[in-house]
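Engineer: Got a structure for you, questions after.
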Amino acid sequence: MFTSCLIDVSVLLLYINVCTSNLVDFVILFQWEVVQRTLNGSQFYTYSVCNVGEREQDNWLRTTFIQRRPAASRVFVELQFIVRDCNSFGDSSVTCKETFNLFTSESDADVGTTFRKGQFKKVATIAPDEITSKNELHINTETRVVENLSRKGFYLAFQDIGACVALLSARVYYKTCPATVKSLASFPETVAGGENQALREVSGVCMDNAISEELPRIYCTVDGEWVVPVGQCQCKSGYEEVKDACQECQAGFFKAAASGDKCEPCPANTQKLNSGALVCPCMDGFYRAPTDPPTGPCSGLPSAPRDLVATTTQLSTGKLLLSWQPPEDTGGRSDITYSIECQRCEGVVCQSCGEKIRYEPASTGLTDTKVSVSELDAHLNYTFTVEAHSGVSLFASQATPRANKPPSTSVLTTSLLYTDPPKITSMRLVERTSTSLSLSWDVFPRPRVQSRPIRYELTYRKKDDNLDVTTYIVLILEKNFVQISKLAPGTAYLFRVQALSSDGTPGGSSMEEQFETSLEERLTQNNTAVISCAAVGGAAMLFIVVMVLFLRRRNSHTRQGPEDTYFSSSEQLKPLKTYVDPHTYEDPNTAVLKFATEIHPSHITKQKVIGAGEFGEVYRGILKVPGRKEVAVAIKTLKPGYSEKQRQDFLSEASIMGQFSHQNIIRLEGVVTKFKHAMIVTEYMENGALDRYLRDHDGEFASFQLVGMLRGIAAGMKYLSDMSYVHRDLAARNILVNNTLECKVSDFGLSRVLEDDPEGTYTTSGGKIPIRWTAPEAIAYRKFTSASDVWSFGIVMWEVMAFGERPYWDMSNHEVMKAINEAFRLPAPMDCPSAVYQLMLQCWLQDRSKRPRFGDIVNLLDKLLRSPDSLKTIADFDPRVSIRLPSTSGSDGSPFRSVSEWLESIKMSQYSENFTCAGVVTMDQVLQMKNEDIKNIGVRLPGHLKRIAYSILGLKDQTSTLSVFAV
Ligand code: AMP
């Protein structure tokens with residue numbers, strides 16, 4: 001009975017049930033004897049002693065040697081015994097006792113029958129709960145603990161000192177925590193600790209096919225109980241827990257990772273594999289996108305877009321609108337996009353349309369079901385293929401040969417017929433002598449290689465032909481440039497050019513310009529001037545019509561707009577060098593050779609990459625031309641694998657730069673064109689691009705230093721505009737700074753505005769325009785003039801005064817255009833002199849003819865620099881003209897409830913404490929703060945100061961501005 005109830009937590013070391021007559025376990029040492037008794041009719045034996053009538057009893061009964069399991073330092077001794085009532089002995093009761101003592105002695109070896117009392121330590125005095133009288137027998141059970149055992153074994157001994165005792169049984173055991181499995185970790189049977197180690201830490205081992213990040217552990221208490229399991233094992237992928245073990249997932253189920261989860265059924269469109277699957281692979285024809293979870297369903301490819309149609313929107317600009325319906329079957333996905341491919345066919349020969357065609361918004365990644373395609377040539381057949389893609393398309397194309405895929409494309413063949421001739425957009429003087437003028441002009445859309453050539457009608461006359469009779473000379477030309485010779489020296493001529501439509505009738509817009517031959521001794525001239533014309537660069541002159549027309553003087557046909565009068569005619573007729581568009585040269589290599597010096601590559605040493613240009617790396621290096629001083633240079637390289645066209649575009653920057661010579665224009669040292677690796681070598685600007693330089697030195701320059709930089713940029717721009725060069729991409733990122741803080745205008749590549757600038761955004765007309773820097777008319781109808789460069793200069797002024805802040809912050813391009821259209825302008829940068837901000841506002845006048853010219857700007861900046869006091873008045877924030885400020889961006893217009901909420905919204909929470917310590921605890925107090933106050937509470941970093949100050953301005957402005965300017 002005893003053993004059965006304790007068996008799970010205890011291990012028996014010794015059990016003596018005297019009734020079984022197993023008497024060897026005790027060694028009777030003195031006075032104890034084995035006595036047979038009868039209880040309830042059954043016989044049993046006891047070790048007894050009963051010398052109650054005698055004094056000074058000292059009777060010992062000792063066990064045999066009890067071997068101890070090493071871990072068991074604590075053992076329990078459970079005794080069953082009887083003690084007789086002393087009163088029942090009459091006189092003898094005087095010396096009679098009713099208790100006996102339990103002793104123990106440790107030993108590493110069995111000492112046999114040798115007994116030395118002195119080696120035993122007392123464990124306890126054992127007293128009965130109930131004593132046995134003459135008539136009634138009471139068996140007592142008492143358990144005592146023997147602690148701190150350390151040797152190989154021990155003895156127990158019972159000392160009787162005059163009681164009448166009978167020992168029925170002794171059970172000696174220790175406790176264990178039984179072997180167990182908890183959270184899929186198995187723990188071995190463990191001996192419970194003793195008083196010196198109440199909790200024993202035990203490490204477990206994960207069951208088969210289970211794993212754990214942390215070693216599973218558990219504690220065994222002194223009472224043999226497991227408590228506080230730490231860390232757990234989980235069935236690994238492909239397995240799940242079933243009754244304390246890990247079992248393989250059944251077929252058609254999967255489990256992707258080790259977890260306590262059950263296996264899940266395979267998702268839609270996947271294969272139901274054998275048991276133990278980690279994932280369910282896609283069924284044939286279904287895929288997962290790389291971003292899809294591997295445990296998710298698989299999807300099919302979309303079917304083809306439907307109902308593809310083309311509508312002609314603007315014939316004159318060669319524009320079509322393609323539209324279609326989404327595919328009928330999206331393959332179960334919502335991330336459908338479309339791409340367009342274009343083939344142009346002449347007869348049966350078809351080829352890719354290449355990069356010439358412009359798509360708005362783009363040719364790939366379209367989410368809308370329409371795209372506008374422009375710059376198409378007339379009279380050609382185009383085949384447009386619209387393909388539907390989804391997240392799985394790319395993956396599918398890698399996984400499956402194309403032929404096996406369902407068609408995701410729709411094809412449409414269409415052609416465009418121009419009825420209108422192209423427009424002439426600008427005409428310029430290329431070169432002049434006393435008797436000849438070379439002119440060139442731009443046309444839109446530009447004639448394409450292989451398309452039918454455009455023909456032009458050039459009409460000119462002497463400006464001062466008086467009387468009512470005017471002599472017009474009409475030339476029909478096939479190229480957009482001409483050299484007219486045998487003109488009168490020092491004489492102004494009026495030229496008008498018009499493109500001819502395919503049927504030969506002049507149309508489209510024409511352009512009239514006045515140019516003057518240079519002054520020289522007048523030559524004797526024939527009254528009826530014989531004028532011949534030769535087309536430059538091999539252009540074919542079709543025929544010359546010399547007409548003497550008797551016409552009334554007409555003034556009305558001119559189409560000069562305000563932009564054309566922007567440069568007064570006197571300015572244009574100044575004997576100034578004029579920029580020559582390298583495109584005017586039929587062979588661009590001729591242009592490079594004309595404007596740039598060829599350098600031998602052995603004279604160039606590349607030292608370090610300093611930037612990445614459109615065409616290849618930009619290096620810092622040394623140029624050492626024999627006989628000349630060594631100079632630091634920047635070397636632009638053309639990466640390998642370029643096409644001839646790319647090489648020409650790359651070198652065109654040198655052809656342009658080489659025409660300029662000004663302190664504030666980046667200087668071309670030369671080019672390498674005759675070797676495989678083409679290079680452009682320019683002066684080296686130690687401080688790199690201006691926008692980054694200012695951001696890195698935020699707040700480090702005084703206003704007059706910033707204005708000095710602007711003066712340099714303005715001087716460079718004046719030079720460019722005087723040469724009739726329109727930059728189109730003036731921005732702080734395209735200004736370079738040297739070690740004396742001199743700023744120079746750079747970035748002159750022909751394709752730069754279109755391709756190079758990361759700020760460039762495609763417009764509806766197909767160009768790429770850096771919206772934030774570009775004048776409204778240039779965005780709206782590509783009217784790029786020096787006046788639009790002035791607008792950009794205003795933005796550069798703002799960038800400089802704001803230490804490289806991004807114009808219009810995080811507003812989208814669309815928001816910027818809308819705001820500008822609604823007459824809002826950037827607010828004055830912090831601490832910006834009022835006079836400088838006024839100049840910016842002038843540069844941003846809607847009417848471009850009213851904007852200052854670069855000459856005016858240089859003069860004004862010079863004036864400001866000469867009288868530093870003029871920079872002392874700081875511009876105010878004026879919500880009537882200012883664009884929404886960053887404080888309100890992203891906010892729903894509702895006021896901030898606390899200072900900390902506001903600071904958090906502008907990511908300046910680190911100053912919360914500064915505000916609280918300064919006693920600024922309400923938004924009303926915040927609104928009263930001036931820049932000085934913000935500095936005083938401990939905001940020192942200029943960028944942070946600016947952000948907080950702008951935010952406060954924005955908050956003040958919020959009610960007034962937001963109500964009129966809701967973006
Ligand atoms: P770009 O292709 O002209 O935009 O040049 C790319 C980058 O190279 C610029 O942003 C500059 O950081 C660096 N870089 C270009 N030209 C020079 C130069 N002349 N001196 C110093 N750095 C230059």
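Identifiers in this document derive from the order of the structure tokens: chains are assigned A, B, ..., residues are numbered from 1 separately in each chain, and ligands are numbered from 1 in order of occurrence.
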Write out as an MDAnalysis selection string the residues lying within 10 Å of Lys624 (chain A), counting only C-alpha atoms and excluding same-chain residues fewer than 3 positions away.
Structural biologist: chainID A and resid 599:600 602:605 621 627:633
Engineer: Enumerate residues in contact with ligand 1: an atom-to-atom distance of at most 7 Å, counting only C-alpha atoms and all ligand atoms. Format the result as a list in words.
Structural biologist: Ile610, Gly611, Ala612, Gly613, Glu614, Val618, Arg620, Val633, Ala634, Ile666, Thr682, Glu683, Tyr684, Met685, Glu686, Asn687, Gly688, Ala689, Arg733, Asn734, Leu736, Ser746 and Asp747 of chain A
Engineer: Please save C-alpha atoms of the selected residues as a PDB file, in the first residue's frame.
Structural biologist:
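Contents of the output file again.pdb:
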```pdb
ATOM      1  CA  ILE A 610      33.839  61.473 -58.511  1.00  0.00           C
ATOM      2  CA  GLY A 611      30.449  61.010 -60.088  1.00  0.00           C
ATOM      3  CA  ALA A 612      28.287  59.161 -62.516  1.00  0.00           C
ATOM      4  CA  GLY A 613      27.304  60.875 -65.718  1.00  0.00           C
ATOM      5  CA  GLU A 614      24.690  59.749 -68.187  1.00  0.00           C
ATOM      6  CA  VAL A 618      33.279  60.985 -64.169  1.00  0.00           C
ATOM      7  CA  ARG A 620      39.072  63.493 -61.155  1.00  0.00           C
ATOM      8  CA  VAL A 633      40.683  68.125 -64.516  1.00  0.00           C
ATOM      9  CA  ALA A 634      37.373  66.279 -64.501  1.00  0.00           C
ATOM     10  CA  ILE A 666      32.688  75.257 -67.040  1.00  0.00           C
ATOM     11  CA  THR A 682      36.997  69.904 -68.303  1.00  0.00           C
ATOM     12  CA  GLU A 683      38.406  72.052 -65.558  1.00  0.00           C
ATOM     13  CA  TYR A 684      38.094  70.406 -62.146  1.00  0.00           C
ATOM     14  CA  MET A 685      35.642  71.897 -59.646  1.00  0.00           C
ATOM     15  CA  GLU A 686      36.781  70.852 -56.202  1.00  0.00           C
ATOM     16  CA  ASN A 687      33.495  71.323 -54.380  1.00  0.00           C
ATOM     17  CA  GLY A 688      31.304  69.464 -56.870  1.00  0.00           C
ATOM     18  CA  ALA A 689      27.626  70.175 -57.456  1.00  0.00           C
ATOM     19  CA  ARG A 733      22.576  70.431 -59.262  1.00  0.00           C
ATOM     20  CA  ASN A 734      23.971  71.583 -62.613  1.00  0.00           C
ATOM     21  CA  LEU A 736      29.655  73.286 -60.075  1.00  0.00           C
ATOM     22  CA  SER A 746      27.615  73.109 -66.500  1.00  0.00           C
ATOM     23  CA  ASP A 747      25.692  70.268 -68.134  1.00  0.00           C
TER      24      ASP A 747
END
```
Engineer: With DSSP run on the backbone, what are the alpha helix (DSSP H) residues within region 794-898 of chain A? I'd like them as a ChimeraX atom specification.
Structural biologist: /A:794-801,813-821,834-843,854-866
Engineer: Here is a test: counting only C-alpha atoms, which residue of A:Phe803, A:Phe793, A:Phe660, A:Trp773 is nearest to Phe701 (chain A)?
Structural biologist: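 Of all the options, A:Phe803 lies closest to Phe701 (chain A).
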Engineer: In terms of the shortest atom-to-atom distance over only C-alpha atoms, which of A:Ala157, A:Arg116, A:Trp60, A:Asn859 is closest to Leu102 (chain A)?
Structural biologist: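 Smallest separation from Leu102 (chain A) among the options: A:Ala157.
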Engineer: Name all residues at most 12 Å from Gln846 (chain A) (count only C-alpha atoms; drop same-chain ones fewer than 5 positions away) and give them as a VMD selection string.
Structural biologist: chain A and resid 774 to 778 787 to 788 790 to 791 820 to 825 841 851 to 852
Engineer: Take the residues that were just selected and, keeping N, CA, C and O atoms, output them as a compact mmCIF listing (two decimals), in the first residue's frame.
Structural biologist:
```txt
# COMPACT_ATOMS: atom_id res chain seq x y z
N THR A 774 11.18 74.61 -64.10
CA THR A 774 10.87 75.05 -65.45
C THR A 774 9.71 76.04 -65.48
O THR A 774 8.72 75.88 -64.76
N ALA A 775 9.86 77.05 -66.34
CA ALA A 775 8.84 78.10 -66.47
C ALA A 775 7.55 77.50 -67.01
O ALA A 775 7.58 76.54 -67.79
N PRO A 776 6.40 78.10 -66.63
CA PRO A 776 5.12 77.51 -67.03
C PRO A 776 4.97 77.38 -68.55
O PRO A 776 4.47 76.38 -69.04
N GLU A 777 5.46 78.40 -69.30
CA GLU A 777 5.26 78.33 -70.76
C GLU A 777 6.10 77.22 -71.38
O GLU A 777 5.72 76.62 -72.38
N ALA A 778 7.24 76.92 -70.74
CA ALA A 778 8.09 75.85 -71.27
C ALA A 778 7.44 74.50 -70.99
O ALA A 778 7.53 73.58 -71.78
N ALA A 787 14.16 83.64 -71.33
CA ALA A 787 13.23 84.07 -70.28
C ALA A 787 12.83 82.87 -69.43
O ALA A 787 12.60 83.00 -68.23
N SER A 788 12.75 81.68 -70.04
CA SER A 788 12.43 80.51 -69.21
C SER A 788 13.66 80.13 -68.39
O SER A 788 13.53 79.65 -67.26
N VAL A 790 15.50 82.33 -67.10
CA VAL A 790 15.45 83.28 -65.98
C VAL A 790 14.56 82.72 -64.87
O VAL A 790 14.88 82.82 -63.68
N TRP A 791 13.45 82.13 -65.27
CA TRP A 791 12.58 81.49 -64.25
C TRP A 791 13.40 80.47 -63.45
O TRP A 791 13.41 80.47 -62.22
N ILE A 820 1.47 76.93 -59.09
CA ILE A 820 2.04 78.00 -59.91
C ILE A 820 0.95 78.62 -60.78
O ILE A 820 0.83 79.84 -60.90
N ASN A 821 0.13 77.77 -61.31
CA ASN A 821 -0.97 78.22 -62.15
C ASN A 821 -1.93 79.11 -61.38
O ASN A 821 -2.54 80.02 -61.94
N GLU A 822 -2.05 78.84 -60.09
CA GLU A 822 -2.95 79.63 -59.27
C GLU A 822 -2.23 80.82 -58.65
O GLU A 822 -2.68 81.40 -57.67
N ALA A 823 -1.06 81.15 -59.21
CA ALA A 823 -0.30 82.35 -58.85
C ALA A 823 0.41 82.27 -57.52
O ALA A 823 0.87 83.27 -57.00
N PHE A 824 0.50 81.07 -56.94
CA PHE A 824 1.29 80.95 -55.72
C PHE A 824 2.75 80.75 -56.10
O PHE A 824 3.06 80.17 -57.14
N ARG A 825 3.62 81.23 -55.23
CA ARG A 825 5.05 81.08 -55.48
C ARG A 825 5.72 80.60 -54.20
O ARG A 825 5.16 80.70 -53.11
N LEU A 841 10.88 86.73 -57.13
CA LEU A 841 9.48 86.87 -57.56
C LEU A 841 9.40 87.46 -58.97
O LEU A 841 8.54 87.09 -59.77
N ARG A 851 9.77 89.46 -67.18
CA ARG A 851 10.84 88.98 -66.30
C ARG A 851 12.13 89.77 -66.58
O ARG A 851 12.35 90.19 -67.72
N PRO A 852 12.98 89.93 -65.57
CA PRO A 852 14.24 90.63 -65.86
C PRO A 852 15.11 89.81 -66.79
O PRO A 852 14.91 88.60 -66.91
```
Engineer: What's the 10 Å shell around Asp856 (chain A), counting only C-alpha atoms, without same-chain residues fewer than 6 positions away, as a PyMOL selection string?
Structural biologist: chain A and resi 714+718+862
Engineer: Mind writing the picked residues with all heavy atoms as a PDB file, in the first residue's frame?
Structural biologist:
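Here's the written file part_10.pdb:
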```pdb
ATOM      1  N   ALA A 714      24.578  84.109 -62.475  1.00  0.00           N
ATOM      2  CA  ALA A 714      23.852  85.023 -63.365  1.00  0.00           C
ATOM      3  C   ALA A 714      24.767  85.518 -64.485  1.00  0.00           C
ATOM      4  O   ALA A 714      24.351  85.631 -65.649  1.00  0.00           O
ATOM      5  CB  ALA A 714      23.297  86.201 -62.560  1.00  0.00           C
ATOM      6  N   LYS A 718      24.153  85.120 -68.339  1.00  0.00           N
ATOM      7  CA  LYS A 718      24.062  86.280 -69.246  1.00  0.00           C
ATOM      8  C   LYS A 718      24.903  85.991 -70.501  1.00  0.00           C
ATOM      9  O   LYS A 718      24.451  86.195 -71.627  1.00  0.00           O
ATOM     10  CB  LYS A 718      24.584  87.539 -68.553  1.00  0.00           C
ATOM     11  CG  LYS A 718      24.640  88.736 -69.501  1.00  0.00           C
ATOM     12  CD  LYS A 718      25.124  89.983 -68.822  1.00  0.00           C
ATOM     13  CE  LYS A 718      25.089  91.201 -69.746  1.00  0.00           C
ATOM     14  NZ  LYS A 718      25.782  91.045 -71.005  1.00  0.00           N
ATOM     15  N   ASP A 862      25.022  92.876 -58.458  1.00  0.00           N
ATOM     16  CA  ASP A 862      26.228  93.679 -58.221  1.00  0.00           C
ATOM     17  C   ASP A 862      25.928  94.814 -57.270  1.00  0.00           C
ATOM     18  O   ASP A 862      26.694  95.115 -56.359  1.00  0.00           O
ATOM     19  CB  ASP A 862      26.741  94.256 -59.552  1.00  0.00           C
ATOM     20  CG  ASP A 862      27.636  93.252 -60.276  1.00  0.00           C
ATOM     21  OD1 ASP A 862      28.117  92.315 -59.590  1.00  0.00           O
ATOM     22  OD2 ASP A 862      27.828  93.383 -61.499  1.00  0.00           O
TER      23      ASP A 862
END
```
Engineer: Have a look at CA of Thr459 (chain A) and CA of Leu494 (chain A) and let me know their distance in Å, one decimal.
Structural biologist: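 Rounded to one decimal, the two atoms are 8.3 Å apart.
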Engineer: What lies within 8 Å of Phe120 (chain A) using only C-alpha atoms, ignoring chain neighbours under 6 positions off, as a PyMOL selection string?
Structural biologist: chain A and resi 103-105+157
Engineer: Find the residue from A:Ser643, A:Val796, A:Gln607, A:Ala678 that sits nearest to Asp729 (chain A); use only C-alpha atoms when measuring.
Structural biologist: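 Answer, going by the shortest atom-to-atom distance: A:Val796.
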